[in-house]
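S.K.: Pasting in a structure now, in structure tokens, and then I'll have a few things to ask.
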Amino acid sequence: AQSVTQLDSHVSVSEGTPVLLRCNYSSSYSPSLFWYVQHPNKGLQLLLKYTSAATLVKGINGFEAEFKKSETSFHLTKPSAHMSDAAEYFCVVSTTSGTYKYIFGTGTRLKVLA
Amino acid sequence: NAGVMQNPRHLVRRRGQEARLRCSPMKGHSHVYWYRQLPEEGLKFMVYLQKENIIDESGMPKERFSAEFPKEGPSILRIQQVVRGDSAAYFCASSTDLSGLNQPQHFGDGTRLSIL
């Protein structure tokens with residue numbers, strides 16, 4: 001069975017400094033992994049996805065993530081945080097057959113300090 | 001190109017009433033998923049539907065909850081005889097025909113259900 005673990009429930013960074021949001025996954029098969037962002041009282045927006053192509057995935061708004069099979073990790077990074085990045089971030093693994101339903105991590109709330 | 005549309009955005013019900021949540025998928029999407037988000041938690045899968053068919057309802061509570069996706073019109077998530085524990089945000093997502101390509105799901109803004 002697939003699962004994801006987001007290692008930090010809250011992360012605070014100063015504006016202009018790098019962002020690192022950590023995610024580890026468990027999957028019996030080659031996984032499909034996603035990062036979504038949720039702003040307050042809004043839906044989820046897709047940041048990026050990994051589906052067994054390049055291991056370094058570039059997404060929107062300057063975010064990227066690296067798939068590391070040996071570490072079963074899919075950490076999300078951004079070189080320089082912006083105030084508008086403050087939001088909740090979810091790491092997601094998709095079941096690899098059948099219904100392709102999503103299994104969500106518990107989320108990481110990113111706070112950006114001026 | 002409109003995204004996934006959910007309505008209402010906010011719904012207040014008293015205990016024992018029925019709640020109906022609607023979801024119109026993105027144009028061209030024939031797969032609909034419903035998720036529930038409890039406060040301070042991630043989203044949990046409830047049900048997956050294609051037009052006129054429930055494909056996977058393994059995340060649906062056994063009683064009071066039902067979902068449909070008719071040939072015409074939006075998908076409906078129905079909760080009968082609501083209880084306080086049903087208070088949550090309910091999100092709908094849609095995707096294109098999967099065909100093994102694992103297309104990403106696109107989410108609506110959710111319906112926030114409050115039970116008095």
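Chains: A, B, ... in order of the structure tokens. Residues: from 1 per chain. Ligands: from 1, in order shown.
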When DSSP is applied to the backbone of this structure, which of segment 4-100 of chain B are assigned strand (DSSP E or B)? Write them out as a ChimeraX atom specification.
M.R.: /B:5-7,10-13,19-24,31-37,43-50,53-56,65-68,75-79,88-95
S.K.: Write out as a PyMOL selection string the residues lying within 9 Å of Gln80 of chain B, counting only C-alpha atoms and excluding same-chain residues fewer than 6 positions away.
M.R.: chain B and resi 16-20+63-66
S.K.: Keeping only N, CA, C and O atoms, take the residues you just selected and write them out as a CSV table (one decimal), in the first residue's frame.
M.R.:
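Result went into again_14.csv, see below:
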```
chain,number,residue,atom,x,y,z
B,16,GLY,N,-29.5,16.3,11.6
B,16,GLY,CA,-30.6,15.5,11.1
B,16,GLY,C,-31.1,16.0,9.7
B,16,GLY,O,-31.9,15.2,9.1
B,17,GLN,N,-30.6,17.1,9.2
B,17,GLN,CA,-31.0,17.5,7.9
B,17,GLN,C,-30.1,16.8,6.9
B,17,GLN,O,-29.2,16.1,7.2
B,18,GLU,N,-30.4,17.1,5.6
B,18,GLU,CA,-29.7,16.5,4.5
B,18,GLU,C,-28.8,17.6,3.9
B,18,GLU,O,-29.2,18.8,3.8
B,19,ALA,N,-27.6,17.2,3.4
B,19,ALA,CA,-26.7,18.1,2.8
B,19,ALA,C,-26.4,17.6,1.4
B,19,ALA,O,-26.2,16.4,1.2
B,20,ARG,N,-26.5,18.5,0.4
B,20,ARG,CA,-26.2,18.1,-1.0
B,20,ARG,C,-25.1,19.0,-1.5
B,20,ARG,O,-25.3,20.2,-1.6
B,63,GLU,N,-22.8,4.4,6.0
B,63,GLU,CA,-24.2,4.9,6.2
B,63,GLU,C,-24.3,6.3,5.9
B,63,GLU,O,-23.3,7.1,6.1
B,64,ARG,N,-25.4,6.8,5.4
B,64,ARG,CA,-25.8,8.2,5.3
B,64,ARG,C,-25.1,8.9,4.1
B,64,ARG,O,-25.6,10.0,3.7
B,65,PHE,N,-24.0,8.4,3.6
B,65,PHE,CA,-23.3,9.1,2.5
B,65,PHE,C,-23.6,8.3,1.2
B,65,PHE,O,-23.6,7.1,1.1
B,66,SER,N,-23.8,9.1,0.1
B,66,SER,CA,-24.0,8.6,-1.2
B,66,SER,C,-23.5,9.5,-2.2
B,66,SER,O,-23.4,10.8,-2.0
```
S.K.: Restrict the distance test to only C-alpha atoms, flag each residue of chain B within 9 Å of chain A, and return the flagged residues as a list in words.
M.R.: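 The selection requested is Tyr33, Glu40, Glu41, Gly42, Leu43, Lys44, Phe45, Val47, Tyr48, Ile55, Asp56, Phe91, Leu98, Gly100, Leu101, Asn102, Gln103, Pro104, Gln105, His106, Phe107, Gly108, Asp109, Gly110 and Arg112 of chain B.
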S.K.: Write out, as a tab-separated table (two decimals), in the first residue's frame, the residues just selected, with N, CA, C and O atoms.
M.R.:
```tsv
chain	number	residue	atom	x	y	z
B	33	TYR	N	-13.58	12.72	-8.45
B	33	TYR	CA	-13.19	12.19	-7.14
B	33	TYR	C	-13.74	13.14	-6.07
B	33	TYR	O	-13.73	14.36	-6.25
B	40	GLU	N	-7.32	20.86	10.19
B	40	GLU	CA	-5.91	20.59	10.48
B	40	GLU	C	-5.45	19.22	9.98
B	40	GLU	O	-4.45	18.68	10.48
B	41	GLU	N	-6.14	18.67	9.01
B	41	GLU	CA	-5.74	17.37	8.46
B	41	GLU	C	-5.62	17.45	6.95
B	41	GLU	O	-6.07	18.40	6.31
B	42	GLY	N	-4.99	16.44	6.37
B	42	GLY	CA	-4.95	16.32	4.92
B	42	GLY	C	-6.26	15.81	4.39
B	42	GLY	O	-7.19	15.53	5.12
B	43	LEU	N	-6.33	15.71	3.08
B	43	LEU	CA	-7.55	15.24	2.45
B	43	LEU	C	-7.60	13.72	2.45
B	43	LEU	O	-6.58	13.05	2.26
B	44	LYS	N	-8.79	13.20	2.62
B	44	LYS	CA	-8.99	11.74	2.61
B	44	LYS	C	-9.94	11.38	1.47
B	44	LYS	O	-11.01	11.98	1.34
B	45	PHE	N	-9.53	10.40	0.69
B	45	PHE	CA	-10.34	9.93	-0.43
B	45	PHE	C	-11.67	9.37	0.05
B	45	PHE	O	-11.73	8.65	1.05
B	47	VAL	N	-14.64	8.82	-2.69
B	47	VAL	CA	-15.29	8.05	-3.76
B	47	VAL	C	-14.77	8.53	-5.11
B	47	VAL	O	-14.38	9.68	-5.26
B	48	TYR	N	-14.78	7.59	-6.06
B	48	TYR	CA	-14.35	7.88	-7.42
B	48	TYR	C	-15.47	7.46	-8.37
B	48	TYR	O	-15.96	6.33	-8.29
B	55	ILE	N	-17.01	3.82	-9.26
B	55	ILE	CA	-15.92	2.90	-9.52
B	55	ILE	C	-15.27	2.43	-8.22
B	55	ILE	O	-14.91	1.27	-8.07
B	56	ASP	N	-15.10	3.35	-7.27
B	56	ASP	CA	-14.42	3.01	-6.02
B	56	ASP	C	-15.04	3.87	-4.92
B	56	ASP	O	-14.93	5.08	-4.97
B	91	PHE	N	-13.98	18.37	-0.98
B	91	PHE	CA	-13.38	18.79	-2.24
B	91	PHE	C	-13.69	17.78	-3.33
B	91	PHE	O	-13.67	16.57	-3.12
B	98	LEU	N	-7.98	8.33	-17.99
B	98	LEU	CA	-6.70	7.98	-17.40
B	98	LEU	C	-5.82	7.19	-18.36
B	98	LEU	O	-4.68	7.54	-18.58
B	100	GLY	N	-4.03	4.86	-18.03
B	100	GLY	CA	-2.73	4.48	-17.49
B	100	GLY	C	-1.72	5.61	-17.46
B	100	GLY	O	-0.59	5.40	-17.08
B	101	LEU	N	-2.12	6.81	-17.82
B	101	LEU	CA	-1.15	7.90	-17.90
B	101	LEU	C	-1.12	8.73	-16.63
B	101	LEU	O	-0.33	9.66	-16.53
B	102	ASN	N	-1.97	8.40	-15.67
B	102	ASN	CA	-1.99	9.08	-14.39
B	102	ASN	C	-2.06	10.59	-14.55
B	102	ASN	O	-1.19	11.32	-14.06
B	103	GLN	N	-3.06	11.04	-15.22
B	103	GLN	CA	-3.26	12.47	-15.37
B	103	GLN	C	-3.54	13.11	-14.03
B	103	GLN	O	-4.22	12.54	-13.18
B	104	PRO	N	-3.01	14.32	-13.78
B	104	PRO	CA	-3.24	14.95	-12.49
B	104	PRO	C	-4.70	15.33	-12.30
B	104	PRO	O	-5.42	15.57	-13.25
B	105	GLN	N	-5.08	15.35	-11.05
B	105	GLN	CA	-6.43	15.75	-10.71
B	105	GLN	C	-6.46	17.26	-10.48
B	105	GLN	O	-5.55	17.84	-9.90
B	106	HIS	N	-7.55	17.86	-10.93
B	106	HIS	CA	-7.74	19.30	-10.76
B	106	HIS	C	-8.85	19.50	-9.75
B	106	HIS	O	-9.93	18.92	-9.88
B	107	PHE	N	-8.59	20.34	-8.77
B	107	PHE	CA	-9.49	20.48	-7.63
B	107	PHE	C	-10.35	21.73	-7.72
B	107	PHE	O	-9.90	22.78	-8.20
B	108	GLY	N	-11.56	21.61	-7.18
B	108	GLY	CA	-12.40	22.77	-6.95
B	108	GLY	C	-12.02	23.47	-5.66
B	108	GLY	O	-11.12	23.02	-4.94
B	109	ASP	N	-12.72	24.57	-5.37
B	109	ASP	CA	-12.43	25.34	-4.16
B	109	ASP	C	-13.08	24.75	-2.91
B	109	ASP	O	-12.87	25.27	-1.82
B	110	GLY	N	-13.87	23.72	-3.07
B	110	GLY	CA	-14.42	23.04	-1.92
B	110	GLY	C	-15.75	23.60	-1.44
B	110	GLY	O	-16.13	24.73	-1.75
B	112	ARG	N	-17.52	24.06	2.26
B	112	ARG	CA	-17.31	23.98	3.70
B	112	ARG	C	-18.65	23.77	4.38
B	112	ARG	O	-19.49	24.66	4.36
```
S.K.: Which one of B:Ile54, B:Ala67, B:Cys23, B:Leu116 sits closest to Ile79 of chain B if you count only C-alpha atoms?
M.R.: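 Selected residue with least distance to Ile79 of chain B: B:Ala67.
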S.K.: As a list in words, please: the residues near His82 of chain A (cut-off 10 Å, only C-alpha atoms, same-chain neighbours under 6 positions excluded).
M.R.: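 Counting only the stated atoms, we get Val13, Ser14, Glu15, Gly16, Thr17, Pro18, Val19, Asn61, Lys111, Val112, Leu113 and Ala114 of chain A.
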S.K.: Need the shell around Phe67 of chain A: protein/DNA/RNA residues with any atom at most 10 Å away, counting only C-alpha atoms. Skip same-chain ones fewer than 5 positions apart. Format as an MDAnalysis selection string?
M.R.: chainID A and resid 24 31 33 50:57 72:76
S.K.: Take the selection from the previous step and output its residues with N, CA and C atoms, as an mmCIF file, in the first residue's frame.
M.R.:
```
data_model
loop_
_atom_site.group_PDB
_atom_site.id
_atom_site.type_symbol
_atom_site.label_atom_id
_atom_site.label_comp_id
_atom_site.auth_asym_id
_atom_site.auth_seq_id
_atom_site.Cartn_x
_atom_site.Cartn_y
_atom_site.Cartn_z
ATOM 1 N N ASN A 24 8.509 11.961 2.487
ATOM 2 C CA ASN A 24 8.938 10.596 2.224
ATOM 3 C C ASN A 24 7.730 9.762 1.828
ATOM 4 N N PRO A 31 6.223 4.967 -8.018
ATOM 5 C CA PRO A 31 5.085 5.819 -7.667
ATOM 6 C C PRO A 31 4.887 6.989 -8.624
ATOM 7 N N LEU A 33 4.018 10.867 -7.952
ATOM 8 C CA LEU A 33 4.048 11.781 -6.814
ATOM 9 C C LEU A 33 3.716 13.197 -7.262
ATOM 10 N N TYR A 50 5.632 14.075 -10.534
ATOM 11 C CA TYR A 50 6.652 13.130 -10.967
ATOM 12 C C TYR A 50 5.953 11.864 -11.426
ATOM 13 N N THR A 51 6.242 11.482 -12.662
ATOM 14 C CA THR A 51 5.630 10.256 -13.182
ATOM 15 C C THR A 51 6.659 9.421 -13.924
ATOM 16 N N SER A 52 7.810 9.212 -13.309
ATOM 17 C CA SER A 52 8.884 8.321 -13.769
ATOM 18 C C SER A 52 9.643 8.818 -14.980
ATOM 19 N N ALA A 53 9.592 10.080 -15.245
ATOM 20 C CA ALA A 53 10.452 10.663 -16.281
ATOM 21 C C ALA A 53 11.694 11.224 -15.568
ATOM 22 N N ALA A 54 12.019 12.479 -15.741
ATOM 23 C CA ALA A 54 13.189 13.065 -15.091
ATOM 24 C C ALA A 54 13.014 13.072 -13.582
ATOM 25 N N THR A 55 14.098 12.823 -12.864
ATOM 26 C CA THR A 55 14.001 12.776 -11.403
ATOM 27 C C THR A 55 13.924 14.164 -10.783
ATOM 28 N N LEU A 56 14.427 15.172 -11.472
ATOM 29 C CA LEU A 56 14.293 16.552 -10.998
ATOM 30 C C LEU A 56 13.134 17.176 -11.757
ATOM 31 N N VAL A 57 12.124 17.547 -11.010
ATOM 32 C CA VAL A 57 10.896 18.044 -11.622
ATOM 33 C C VAL A 57 10.750 19.527 -11.324
ATOM 34 N N THR A 72 13.704 7.174 -0.816
ATOM 35 C CA THR A 72 12.223 7.246 -0.883
ATOM 36 C C THR A 72 11.744 8.633 -0.494
ATOM 37 N N SER A 73 12.363 9.642 -1.099
ATOM 38 C CA SER A 73 12.007 11.019 -0.776
ATOM 39 C C SER A 73 11.590 11.787 -2.020
ATOM 40 N N PHE A 74 10.840 12.838 -1.768
ATOM 41 C CA PHE A 74 10.383 13.729 -2.846
ATOM 42 C C PHE A 74 10.231 15.120 -2.238
ATOM 43 N N HIS A 75 11.351 15.697 -1.844
ATOM 44 C CA HIS A 75 11.335 16.977 -1.141
ATOM 45 C C HIS A 75 11.090 18.136 -2.107
ATOM 46 N N LEU A 76 10.375 19.121 -1.618
ATOM 47 C CA LEU A 76 10.028 20.308 -2.408
ATOM 48 C C LEU A 76 10.962 21.447 -2.016
#
```
S.K.: For Leu11 of chain B, work out the shell of residues within 10 Å, counting only C-alpha atoms and skipping chain neighbours fewer than 3 positions away, then give it as a short mmCIF file (atom, residue, chain, number, x, y, z; two decimals) with N, CA and C atoms, in the first residue's frame.
M.R.:
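So selection15.cif came out as:
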```cif
data_model
loop_
_atom_site.label_atom_id
_atom_site.label_comp_id
_atom_site.auth_asym_id
_atom_site.auth_seq_id
_atom_site.Cartn_x
_atom_site.Cartn_y
_atom_site.Cartn_z
N ASN B 7 -20.43 23.89 -5.71
CA ASN B 7 -21.36 24.77 -4.99
C ASN B 7 -22.26 23.96 -4.08
N PRO B 8 -22.68 24.58 -2.99
CA PRO B 8 -22.30 25.93 -2.58
C PRO B 8 -20.90 25.97 -1.99
N ALA B 19 -27.60 17.21 3.44
CA ALA B 19 -26.69 18.12 2.75
C ALA B 19 -26.42 17.58 1.35
N ARG B 20 -26.52 18.47 0.37
CA ARG B 20 -26.22 18.10 -1.02
C ARG B 20 -25.13 19.00 -1.54
N LEU B 21 -24.04 18.39 -1.98
CA LEU B 21 -22.89 19.13 -2.47
C LEU B 21 -22.74 18.80 -3.95
N SER B 87 -19.00 17.92 9.85
CA SER B 87 -18.45 19.25 9.57
C SER B 87 -17.03 19.10 9.02
N ALA B 89 -14.46 20.28 5.17
CA ALA B 89 -14.42 20.80 3.79
C ALA B 89 -14.44 19.60 2.86
N THR B 111 -16.45 22.77 -0.70
CA THR B 111 -17.66 23.19 0.02
C THR B 111 -17.37 22.99 1.51
N ARG B 112 -17.52 24.06 2.26
CA ARG B 112 -17.31 23.98 3.70
C ARG B 112 -18.65 23.77 4.38
N LEU B 113 -18.80 22.59 4.95
CA LEU B 113 -20.05 22.18 5.57
C LEU B 113 -19.94 22.37 7.08
N SER B 114 -20.90 23.11 7.63
CA SER B 114 -20.95 23.32 9.08
C SER B 114 -22.27 22.77 9.59
N ILE B 115 -22.17 21.98 10.65
CA ILE B 115 -23.37 21.39 11.24
C ILE B 115 -23.62 22.03 12.60
#
```
